[in-house]
Structure formats: C-alpha cells, structure tokens
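The block underneath contains the structure these notes are about, expressed in structure tokens.
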Amino acid sequence: MLRCGQMMLAQALICRHLGRDWNWEKQREQPKEYQRILQCFLDRKDCCYSIHQMAQMGVGEGKSIGEWFGPNTVAQVLKKLALFDDWNSLAVYVSMDNTVVIEDIKKTCCVFPLSADRADTGSPHPPSASSQRDELIFLDPHTTQTFVDTEENGMVDDQTFHCLQSPQRMNILNLDPSVALGFFCKEEKDFDSWCSLVQKEILKENLRMFELVQKHPSHWPPFVPPAKPEVTTTGAEFIDSAEQLEDFDLEEDFEILSV
C-alpha cells in the first residue's frame with residue numbers, strides 16, 4: 001500500500017512538471033525536473049516521500065511501524081507530507097464519507113501560493129465513462145527491487161522506478177471495494193471541468209462510488225484547511241518524534257463500498 005501511494009503521487013508530480021503526454025524511455029536523457037521527482041521517492045529518510053517518511057508519519061494515524069496501511073491511511077499520510085514539500089507546492093485534499101466538497105477543495109487551494117496545484121481530483125480531458133467498459137488496467141508493485149541511491153553525478157538509476165513488465169487487466173467486479181481514487185488538477189479550470197464530468201457521467205449512476213456537493217455539509221465539523229505545523233526543523237527531523245505528530249488530528253477510515 002505504501003508503494004501504491006508513492007506510485008499515485010509520483011504520477012501526479014509527472015503531470016505537474018512534465019505534462020500528461022510525457023513518456024519514459026529507457027536510456028533517454030531526461031529533464032532535470034524528472035530527476036528531482038525521483039529524488040523525492042528514494043528509500044532514504046531525508047527524502048520527502050520515502051517509505052521511511054510515510055511509515056513514520058503513519059504513527060500519527062495510529063499505525064505502528066510495519067503495521068498494515070489501508071487506502072485512507074496512505075492518503076492522509078501523503079496529505080501531511082505534502083505540507084513539507086515546498087518544491088511541488090501541492091494542495092492535497094482527502095474526501096471523507098465518500099463525499100467530495102467543492103467548497104472545501106477551493107478553500108484548501110486558496111491557502112497555497114497562486115502557483116500551487118491540487119492533487120485531489122481529475123484529469124481535464126479524461127475518457128468518457130462509456131469507453132472504460134468493465135475492465136481495469138493495473139500495475140503490481142509486489143516486486144522486490146535492488147536498493148537505488150543517488151550516483152556520484154547526482155543522477156538516479158531509474159529502471160526499477162518504472163514498469164518493466166506489461167500491465168495486467170482485471171474485471172472491475174474483482175476490485176477490492178476498499179479503494180482510494182486519486183486525481184490531479186493543474187489549474188482551477190481543470191477542476192471545474194472535472195466537476196462537470198463527474199456530474200454528467202458518474203452521478204447519474206445508481207451505484208455511485210462517491211458524491212459531489214457544492215457546500216460543506218452543515219452537520220459536519222467545520223472545515224479547516226491543513227497547515228504546516230510551526231516547527232523549526234525539517235520535515236524529516238519533525239517526524240522523528242512521535243510526540244510531535246500529535247499536532248495532526250486523526251481521520252476516519254473510508255467506508256467500505258458495496259458493489
């Protein structure tokens with residue numbers, strides 16, 4: 001689950017810096033932004049989205065080191081780690097109770113610089129629902145890889161960061177209903193386009209995976225955009241101490257959806 005979270009966020013960063021049309025080719029010289037993205041996910045404690053950081057931040061979600069993470073725990077961890085990521089400047093929103101609140105997302109993005117992107121919801125030009133039929137294409141991270149670190153020239157051997165085997169397919173009915181959907185919007189107009197698509201293609205279905213509402217529900221606790229805690233250390237040093245993780249509130253788990 002940790003690796004799946006890394007894969008999803010890495011794809012968002014590629015869209016953020018390199019665009020949706022960018023494709024990796026073996027042995028091809030890559031832009032400097034690509035190498036910097038790789039640096040975020042190296043298996044080192046001082047890398048923003050390393051497996052060490054994710055596991056340690058999970059302590060604040062009530063998960064001991066080595067304990068199984070669910071989709072919601074991974075999403076909450078990535079949201080909190082993103083607060084320490086000044087380079088990517090992502091506004092991460094995690095919906096609760098299967099409900100996406102447009103008002104809350106726009107509030108979240110407004111507390112970031114104008115250049116901030118949001119890694120909360122979908123592609124500006126995704127395929128229509130009718131073109132996905134009843135099968136999913138998936139990548140399986142359950143492959144043991146050799147540890148990779150930065151080389152002397154500052155580059156990273158990136159072959160194990162990519163799928164070297166053909167993706168596989170599965171029927172959507174075989175999907176575990178405990179699932180997190182991740183979408184990335186680069187600009188507000190992309191988010192507005194995503195909302196329109198959801199209302200047109202998704203919300204018309206009888207069995208909906210989630211709801212989309214304009215206003216924050218009145219019976220919910222007030223929405224407070226996430227903010228970086230006032231600390232004088234780096235993110236890596238900050239999460240060294242489990243006591244300092246108490247600044248973060250625990251969140252509820254996702255609901256299990258019935259299909």
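Convention: chains lettered A, B, ... in structure tokens order; per-chain residue numbering from 1; ligands numbered from 1 as shown.
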Selection: 10 Å around A:Met54, only C-alpha atoms, excl. self and same-chain fewer than 6 positions, as a list in words
Leu2, Arg3, Gly5, Gln6, Lys45, Cys48, Ile65, Thr73, Val74, Gln76, Val77, Leu78, Lys80, Leu81 and Ile239 of chain A
Using N, CA, C and O atoms, can you export the residues from the last selection as a short mmCIF file (atom, residue, chain, number, x, y, z; two decimals), in the first residue's frame?
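Below you can see part-v2.cif, which holds the result:
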data_model
loop_
_atom_site.label_atom_id
_atom_site.label_comp_id
_atom_site.auth_asym_id
_atom_site.auth_seq_id
_atom_site.Cartn_x
_atom_site.Cartn_y
_atom_site.Cartn_z
N LEU A 2 1.99 1.21 0.72
CA LEU A 2 2.91 2.36 0.71
C LEU A 2 3.43 2.63 -0.70
O LEU A 2 3.48 3.78 -1.15
N ARG A 3 3.82 1.56 -1.38
CA ARG A 3 4.33 1.72 -2.74
C ARG A 3 3.23 2.22 -3.69
O ARG A 3 3.50 3.02 -4.58
N GLY A 5 0.77 4.18 -2.90
CA GLY A 5 0.66 5.61 -2.65
C GLY A 5 1.76 6.40 -3.31
O GLY A 5 1.52 7.46 -3.89
N GLN A 6 2.99 5.86 -3.26
CA GLN A 6 4.11 6.53 -3.93
C GLN A 6 3.88 6.59 -5.44
O GLN A 6 4.14 7.61 -6.08
N LYS A 45 15.72 8.44 4.49
CA LYS A 45 14.88 9.16 5.45
C LYS A 45 14.77 10.64 5.14
O LYS A 45 13.80 11.30 5.52
N CYS A 48 11.49 13.38 0.81
CA CYS A 48 10.17 13.81 1.28
C CYS A 48 9.14 12.70 1.30
O CYS A 48 8.38 12.56 2.26
N ILE A 65 4.99 1.21 13.12
CA ILE A 65 5.89 0.87 12.02
C ILE A 65 5.73 -0.60 11.68
O ILE A 65 5.81 -1.47 12.55
N THR A 73 -5.36 5.62 5.15
CA THR A 73 -4.16 5.97 5.90
C THR A 73 -3.08 6.50 4.98
O THR A 73 -2.43 7.52 5.27
N VAL A 74 -2.89 5.84 3.85
CA VAL A 74 -1.88 6.31 2.90
C VAL A 74 -2.24 7.70 2.38
O VAL A 74 -1.38 8.58 2.27
N GLN A 76 -4.01 10.03 3.87
CA GLN A 76 -3.81 11.02 4.94
C GLN A 76 -2.32 11.30 5.15
O GLN A 76 -1.91 12.45 5.38
N VAL A 77 -1.50 10.27 5.05
CA VAL A 77 -0.05 10.45 5.21
C VAL A 77 0.51 11.33 4.10
O VAL A 77 1.30 12.24 4.35
N LEU A 78 0.11 11.08 2.86
CA LEU A 78 0.59 11.88 1.74
C LEU A 78 0.15 13.33 1.87
O LEU A 78 0.89 14.26 1.55
N LYS A 80 -0.29 14.98 4.61
CA LYS A 80 0.51 15.63 5.64
C LYS A 80 1.96 15.83 5.20
O LYS A 80 2.57 16.87 5.49
N LEU A 81 2.52 14.85 4.49
CA LEU A 81 3.89 15.01 4.00
C LEU A 81 3.98 16.14 2.97
O LEU A 81 5.00 16.83 2.89
N ILE A 239 9.29 14.52 11.95
CA ILE A 239 8.57 13.28 12.20
C ILE A 239 9.43 12.25 12.88
O ILE A 239 9.03 11.12 13.05
#
Compile a residue-level contact table for stretch 33-100 of chain A against stretch 131-149 of chain A at a cut-off of 10 Å, reporting for every qualifying residue the shortest atom pair and its distance in Å to one decimal, with only C-alpha atoms counted, rows ordered by chain and ascending number, as CSV.
residue,atom,partner,partner_atom,distance
A:Leu38,CA,A:Asp149,CA,10.0
A:Gln39,CA,A:Asp149,CA,8.7
A:Leu42,CA,A:Asp149,CA,6.6
A:Asp43,CA,A:Phe147,CA,7.5
A:Arg44,CA,A:Asp149,CA,8.2
Using only C-alpha atoms, which protein or nucleic acid residues come within 7 Å of stretch 95-105 of chain A? Drop anything in the same chain fewer than 4 positions from it, and give the result as a PyMOL selection string.
chain A and resi 109+210-216+223+254-255
Residues of stretch 48-105 of chain A classed as strand (DSSP E or B) by DSSP on the backbone are to be reported as a PyMOL selection string.
chain A and resi 90-91+96+99-101
So the first atom is atom CA of A:Cys185 and the second is atom CA of A:Ala91; what is the distance between them in Å, to one decimal place?
10.0 Å
According to DSSP computed on the backbone, where in stretch 1-149 of chain A is there helix (DSSP H, G or I)? Give the residues as a PyMOL selection string.
chain A and resi 2-17+32-40+51-61+71-84+102-110+129-131
Top pick for closest residue to A:Pro226, considering A:Met57, A:Leu83, A:Met7, A:Ala180 and counting only C-alpha atoms
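The closest residue to A:Pro226 is A:Leu83.
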Best match for closeness to A:Trp24 among A:Ala82, A:Leu164, A:Leu197, A:Leu175, counting only C-alpha atoms
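Residue with the minimum atom-to-atom distance to A:Trp24: A:Leu164.
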